[in-house]
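Have a look at the structure below before the remarks.
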Amino acid sequence: MIVIGGEALVDLVPDSSTPDGELGPLHPLLGGGPYNVAIALGRLGAPTAFYAKLSTDQFGDRMVQRLSESEVDTSLVQRGPEPTTLAVVGLEANGSARYSFHTEGTAARFVSDQPLPADTAALCLGTLGMVLEPGASTYEKALFREAERGVFIALDPNIRADLIADPDAYRDRFASWLPAVGLLKVSDDDAEWLAPGRDVVEVAREWQSRGPAAVVLTRGGDGITAVTADGEVTVPSREVQVADTIGAGDTVQAALLAWLHRNDALSPEKVRALDPQQWEQALAFAAAAAAVTVSRPGAEPPWSSELDT
């Protein structure tokens, strides 16, 4: 079982037909980084469970339904009367997304600690789940506890700077997680925010030396790079007509975990043993999956049957 922990929320996405500079209809789409990872991972055929607190409102009901439809185990999902977190999405001309979050008093913040199944092979955390308190401390506790008992830890900080009140404190906290992490995935933008003014590959090498078996950098049109103790491997992005980039990085994370699961490599030791050809295969699979996601509006990851790698 691969357990995904973190927030689920509703992205309010502008209608694509709205003229530039004008306000138009907002369409509610289910999202949140960890939620997107769980949906993508379930669709890619890996045994997946989602660990979060969801509202008992209509959005929460639909979130649970979509998890089940995507073959994700919902036995770890907690429910409560707090409302669903909202993110108002603004789309740039190139399809990239920016977000305005409404998080105060929402369900995602109030997840409770609980034991994970005995057959948990990996725990994947990130985004607002590692920022919004008190839930962030709950997930941090799970990160260290599960790593101690040999569970493979995957982390995607997926920085949302507007919600991080004390950047330096968050950077220090992020550094404290690294020794327990097996796979760290970061975007170029994440790396630049976490280590301002430094070369992102150089920073990734430094992070990798502190614990992770591999650091994977998503670099937009410049492809995806895996940084390991043996060097770097890069594959290009797939050329595709981009609808928007919502969920692209989440799909990369899910596809990497799905590939590692299929190839019996969900452990730091086995990730360190991957050779450059295997990394090319893993990254190409992730690039193909992300290309499908960005080709359609919202975070709508592919099913295994949609991929040719």
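If you're wondering about the labels, chains in the structure tokens are A, B, ... by order shown, residues count from 1 in each chain, ligands from 1 in order shown.
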
Strand (DSSP E or B) call set, DSSP backbone run, region 151-190 of chain A, as a ChimeraX atom specification
/A:152-156,183-187

Need the shell around region 204-208 of chain A: protein/DNA/RNA residues with any atom at most 10 Å away, counting only C-alpha atoms. Skip same-chain ones fewer than 4 positions apart. Format as a ChimeraX atom specification?
/A:175,178-179,181-186,188,191,195,199-200,212-217,225-229,231-232

Can I get the selection written as a compact mmCIF listing (two decimals), in the first residue's frame, with N, CA and C atoms?
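Just written: again_15.txt:
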```txt
# COMPACT_ATOMS: atom_id res chain seq x y z
N ALA A 175 14.52 21.23 5.94
CA ALA A 175 15.84 20.60 6.06
C ALA A 175 15.81 19.47 7.08
N LEU A 178 14.72 16.00 5.56
CA LEU A 178 15.51 15.35 4.51
C LEU A 178 16.14 14.02 4.92
N PRO A 179 16.70 13.89 6.14
CA PRO A 179 17.30 12.59 6.48
C PRO A 179 16.32 11.42 6.48
N VAL A 181 13.74 11.19 4.28
CA VAL A 181 13.08 11.12 2.97
C VAL A 181 13.83 10.20 2.02
N GLY A 182 13.09 9.35 1.30
CA GLY A 182 13.70 8.49 0.29
C GLY A 182 13.68 9.12 -1.09
N LEU A 183 12.57 9.79 -1.44
CA LEU A 183 12.42 10.44 -2.73
C LEU A 183 11.90 11.85 -2.51
N LEU A 184 12.65 12.83 -2.97
CA LEU A 184 12.24 14.23 -2.90
C LEU A 184 11.98 14.72 -4.31
N LYS A 185 10.76 15.23 -4.56
CA LYS A 185 10.44 15.83 -5.86
C LYS A 185 10.19 17.31 -5.64
N VAL A 186 10.85 18.16 -6.43
CA VAL A 186 10.66 19.59 -6.34
C VAL A 186 10.64 20.19 -7.74
N ASP A 188 11.46 23.51 -10.25
CA ASP A 188 12.46 24.59 -10.26
C ASP A 188 12.03 25.74 -9.36
N ALA A 191 12.55 24.89 -5.71
CA ALA A 191 13.97 24.92 -5.34
C ALA A 191 14.47 26.36 -5.22
N ALA A 195 15.88 27.78 -1.72
CA ALA A 195 17.30 28.16 -1.67
C ALA A 195 17.51 29.34 -2.61
N ASP A 199 21.89 27.85 -7.81
CA ASP A 199 21.58 26.98 -8.94
C ASP A 199 20.76 25.79 -8.45
N VAL A 200 19.67 25.48 -9.15
CA VAL A 200 18.74 24.47 -8.64
C VAL A 200 19.35 23.07 -8.65
N PRO A 212 17.95 11.91 0.99
CA PRO A 212 17.16 11.27 -0.06
C PRO A 212 18.00 10.41 -1.00
N ALA A 213 17.44 9.25 -1.38
CA ALA A 213 18.12 8.41 -2.36
C ALA A 213 18.17 9.12 -3.71
N ALA A 214 17.15 9.94 -3.98
CA ALA A 214 17.11 10.70 -5.23
C ALA A 214 16.31 11.97 -5.03
N VAL A 215 16.70 13.01 -5.75
CA VAL A 215 15.94 14.25 -5.84
C VAL A 215 15.54 14.41 -7.30
N VAL A 216 14.24 14.56 -7.55
CA VAL A 216 13.74 14.73 -8.91
C VAL A 216 13.27 16.17 -9.09
N LEU A 217 13.84 16.83 -10.09
CA LEU A 217 13.51 18.21 -10.41
C LEU A 217 12.60 18.25 -11.63
N THR A 225 14.63 16.03 -14.30
CA THR A 225 15.99 15.59 -13.96
C THR A 225 15.98 14.83 -12.64
N ALA A 226 16.63 13.66 -12.64
CA ALA A 226 16.85 12.91 -11.40
C ALA A 226 18.29 13.13 -10.96
N VAL A 227 18.45 13.55 -9.72
CA VAL A 227 19.78 13.78 -9.14
C VAL A 227 20.02 12.68 -8.11
N THR A 228 21.05 11.89 -8.34
CA THR A 228 21.40 10.79 -7.44
C THR A 228 22.87 10.92 -7.04
N ALA A 229 23.31 10.03 -6.18
CA ALA A 229 24.71 10.05 -5.77
C ALA A 229 25.65 9.78 -6.95
N GLY A 231 25.10 10.90 -10.13
CA GLY A 231 25.04 11.92 -11.16
C GLY A 231 23.61 12.30 -11.49
N GLU A 232 23.43 12.87 -12.68
CA GLU A 232 22.10 13.34 -13.09
C GLU A 232 21.65 12.65 -14.37
```

Which is closer to Ser137 (chain A) than all the others in A:Lys53, A:Lys270, A:Arg109, A:His27, using only C-alpha atoms?
A:Arg109

Might you pull out every residue within 6 Å of Val151 (chain A), with only C-alpha atoms counted and same-chain residues fewer than 2 positions away left off, and present them as a PDB file with C-alpha atoms, in the first residue's frame?
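Resulting contents of selection-v9.pdb:
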```
ATOM      1  CA  ALA A 121       5.247   0.363   1.827  1.00  0.00           C
ATOM      2  CA  ALA A 122       5.442   4.115   1.183  1.00  0.00           C
ATOM      3  CA  GLU A 146       6.920   5.715   9.514  1.00  0.00           C
ATOM      4  CA  ALA A 147      10.489   6.319   8.330  1.00  0.00           C
ATOM      5  CA  ARG A 149       9.830   1.631  10.926  1.00  0.00           C
TER       6      ARG A 149
END
```

Can you pull out the residues contacting Ile246 (chain A)? Cut-off 10 Å, using only C-alpha atoms, and skip same-chain residues under 2 positions away; I want them as a PyMOL selection string.
chain A and resi 11+13+31-33+36+89+91+95-98+243-244+248-251+290+293-294+296-300

Could you give me, as a ChimeraX atom specification, each residue of region 76-251 of chain A that DSSP assigns to helix (DSSP H, G or I) when run on this structure's backbone?
/A:107-110,127-130,135-148,161-163,167-180,188-194,200-209,220-222,248-251

Interatomic distance (Å, one decimal) between CA of Val242 (chain A) and CA of Leu128 (chain A)
25.2 Å

Within 9 Å of Ala180 (chain A), counting only C-alpha atoms, which residues show up once you throw out same-chain ones fewer than 5 positions away? Write them as a PDB file with all heavy atoms, in the first residue's frame, please.
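See selection-v6.pdb below for the written result:
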```
ATOM      1  N   LEU A 143       5.580  11.237   9.335  1.00  0.00           N
ATOM      2  CA  LEU A 143       6.780  11.115   8.497  1.00  0.00           C
ATOM      3  C   LEU A 143       7.917  10.462   9.265  1.00  0.00           C
ATOM      4  O   LEU A 143       8.516   9.477   8.814  1.00  0.00           O
ATOM      5  CB  LEU A 143       7.178  12.508   7.998  1.00  0.00           C
ATOM      6  CG  LEU A 143       8.372  12.644   7.041  1.00  0.00           C
ATOM      7  CD1 LEU A 143       8.234  13.923   6.209  1.00  0.00           C
ATOM      8  CD2 LEU A 143       9.711  12.694   7.781  1.00  0.00           C
ATOM      9  N   PHE A 144       8.222  11.008  10.432  1.00  0.00           N
ATOM     10  CA  PHE A 144       9.347  10.474  11.208  1.00  0.00           C
ATOM     11  C   PHE A 144       9.044   9.080  11.754  1.00  0.00           C
ATOM     12  O   PHE A 144       9.912   8.193  11.744  1.00  0.00           O
ATOM     13  CB  PHE A 144       9.706  11.429  12.339  1.00  0.00           C
ATOM     14  CG  PHE A 144      10.347  12.707  11.875  1.00  0.00           C
ATOM     15  CD1 PHE A 144       9.795  13.944  12.199  1.00  0.00           C
ATOM     16  CD2 PHE A 144      11.497  12.686  11.112  1.00  0.00           C
ATOM     17  CE1 PHE A 144      10.380  15.128  11.776  1.00  0.00           C
ATOM     18  CE2 PHE A 144      12.096  13.864  10.680  1.00  0.00           C
ATOM     19  CZ  PHE A 144      11.539  15.086  11.005  1.00  0.00           C
ATOM     20  N   ALA A 147       9.119   6.514   8.799  1.00  0.00           N
ATOM     21  CA  ALA A 147      10.489   6.319   8.330  1.00  0.00           C
ATOM     22  C   ALA A 147      11.268   5.437   9.290  1.00  0.00           C
ATOM     23  O   ALA A 147      12.058   4.574   8.878  1.00  0.00           O
ATOM     24  CB  ALA A 147      11.189   7.669   8.165  1.00  0.00           C
ATOM     25  N   GLU A 148      11.029   5.635  10.580  1.00  0.00           N
ATOM     26  CA  GLU A 148      11.729   4.843  11.596  1.00  0.00           C
ATOM     27  C   GLU A 148      11.401   3.365  11.475  1.00  0.00           C
ATOM     28  O   GLU A 148      12.254   2.505  11.738  1.00  0.00           O
ATOM     29  CB  GLU A 148      11.339   5.357  12.991  1.00  0.00           C
ATOM     30  CG  GLU A 148      12.049   4.653  14.146  1.00  0.00           C
ATOM     31  CD  GLU A 148      13.538   4.927  14.201  1.00  0.00           C
ATOM     32  OE1 GLU A 148      13.978   5.955  13.670  1.00  0.00           O
ATOM     33  OE2 GLU A 148      14.262   4.081  14.784  1.00  0.00           O
ATOM     34  N   PHE A 152       9.056   3.739   3.108  1.00  0.00           N
ATOM     35  CA  PHE A 152       9.684   4.636   2.145  1.00  0.00           C
ATOM     36  C   PHE A 152       8.934   5.961   2.146  1.00  0.00           C
ATOM     37  O   PHE A 152       7.724   5.995   1.926  1.00  0.00           O
ATOM     38  CB  PHE A 152       9.635   3.997   0.752  1.00  0.00           C
ATOM     39  CG  PHE A 152      10.310   4.798  -0.334  1.00  0.00           C
ATOM     40  CD1 PHE A 152      11.690   4.859  -0.418  1.00  0.00           C
ATOM     41  CD2 PHE A 152       9.558   5.467  -1.284  1.00  0.00           C
ATOM     42  CE1 PHE A 152      12.312   5.575  -1.428  1.00  0.00           C
ATOM     43  CE2 PHE A 152      10.168   6.186  -2.304  1.00  0.00           C
ATOM     44  CZ  PHE A 152      11.543   6.243  -2.373  1.00  0.00           C
ATOM     45  N   ILE A 153       9.638   7.072   2.363  1.00  0.00           N
ATOM     46  CA  ILE A 153       9.012   8.388   2.452  1.00  0.00           C
ATOM     47  C   ILE A 153       9.273   9.173   1.168  1.00  0.00           C
ATOM     48  O   ILE A 153      10.421   9.331   0.751  1.00  0.00           O
ATOM     49  CB  ILE A 153       9.549   9.192   3.653  1.00  0.00           C
ATOM     50  CG1 ILE A 153       9.368   8.410   4.961  1.00  0.00           C
ATOM     51  CG2 ILE A 153       8.852  10.550   3.716  1.00  0.00           C
ATOM     52  CD1 ILE A 153       7.931   8.122   5.339  1.00  0.00           C
ATOM     53  N   GLY A 211      20.263  12.938   2.651  1.00  0.00           N
ATOM     54  CA  GLY A 211      19.394  11.810   2.982  1.00  0.00           C
ATOM     55  C   GLY A 211      18.669  11.159   1.833  1.00  0.00           C
ATOM     56  O   GLY A 211      18.687   9.933   1.692  1.00  0.00           O
ATOM     57  N   PRO A 212      17.954  11.914   0.988  1.00  0.00           N
ATOM     58  CA  PRO A 212      17.160  11.273  -0.063  1.00  0.00           C
ATOM     59  C   PRO A 212      18.000  10.415  -0.997  1.00  0.00           C
ATOM     60  O   PRO A 212      19.115  10.791  -1.381  1.00  0.00           O
ATOM     61  CB  PRO A 212      16.556  12.468  -0.826  1.00  0.00           C
ATOM     62  CG  PRO A 212      16.517  13.574   0.178  1.00  0.00           C
ATOM     63  CD  PRO A 212      17.748  13.378   1.013  1.00  0.00           C
TER      64      PRO A 212
END
```

Nearest candidate to Ala136 (chain A) (options A:Ala284, A:Ala255, A:Val201, A:Val111; using only C-alpha atoms):
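When distances to Ala136 (chain A) are compared using only C-alpha atoms, the smallest one comes from A:Val111.
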
Distance query Val37 (chain A) at most 12 Å, only C-alpha atoms, self and fewer than 4 positions along chain excluded, as a ChimeraX atom specification
/A:2-8,31-33,41-44,46,48-51,67,70,72,123-127,154-156,158,246-258,289-290,293,299-302

Export of the given selection (C-alpha atoms) as a compact mmCIF listing (two decimals), in the first residue's frame:
```txt
# COMPACT_ATOMS: atom_id res chain seq x y z
CA ILE A 2 1.16 3.53 -0.84
CA VAL A 3 -0.42 6.06 1.53
CA ILE A 4 -0.82 9.67 0.39
CA GLY A 5 -1.23 12.24 3.16
CA GLY A 6 -2.25 15.87 2.79
CA GLU A 7 -4.98 18.23 1.75
CA ALA A 8 -7.86 17.95 -0.66
CA GLY A 31 -7.83 19.13 -6.37
CA GLY A 32 -5.08 19.71 -3.84
CA GLY A 33 -1.57 18.38 -4.43
CA LEU A 41 -1.59 6.84 -8.44
CA GLY A 42 -4.84 4.91 -8.16
CA ARG A 43 -5.50 5.34 -11.87
CA LEU A 44 -2.00 4.09 -12.66
CA ALA A 46 -0.80 1.09 -7.68
CA THR A 48 -3.19 3.52 -2.90
CA ALA A 49 -4.87 4.95 0.21
CA PHE A 50 -5.64 8.60 0.99
CA TYR A 51 -5.00 9.85 4.53
CA LEU A 67 -11.30 8.64 -4.87
CA SER A 70 -10.13 6.17 -9.18
CA VAL A 72 -8.15 4.67 -4.12
CA LEU A 123 4.10 7.37 2.62
CA CYS A 124 3.90 10.41 0.35
CA LEU A 125 3.42 13.88 1.87
CA GLY A 126 3.55 17.52 0.81
CA THR A 127 1.98 20.81 -0.26
CA ALA A 154 8.29 10.53 -0.61
CA LEU A 155 8.00 14.32 -0.27
CA ASP A 156 6.89 17.08 -2.62
CA ASN A 158 5.01 22.07 -3.69
CA ILE A 246 -2.80 22.18 -12.81
CA GLY A 247 -1.73 18.83 -11.35
CA ALA A 248 1.28 18.34 -13.63
CA GLY A 249 3.84 18.01 -10.84
CA ASP A 250 1.44 15.87 -8.81
CA THR A 251 1.13 13.49 -11.75
CA VAL A 252 4.92 13.28 -12.01
CA GLN A 253 5.14 12.30 -8.34
CA ALA A 254 2.42 9.69 -8.72
CA ALA A 255 3.95 8.25 -11.89
CA LEU A 256 7.37 7.95 -10.25
CA LEU A 257 5.86 6.09 -7.30
CA ALA A 258 3.84 3.88 -9.64
CA ALA A 289 1.71 10.87 -17.64
CA ALA A 290 2.16 14.59 -16.98
CA THR A 293 -2.70 15.80 -17.45
CA ALA A 299 -6.07 18.02 -12.57
CA GLU A 300 -7.34 15.06 -14.61
CA PRO A 301 -4.56 12.46 -14.52
CA PRO A 302 -4.41 9.55 -16.96
```
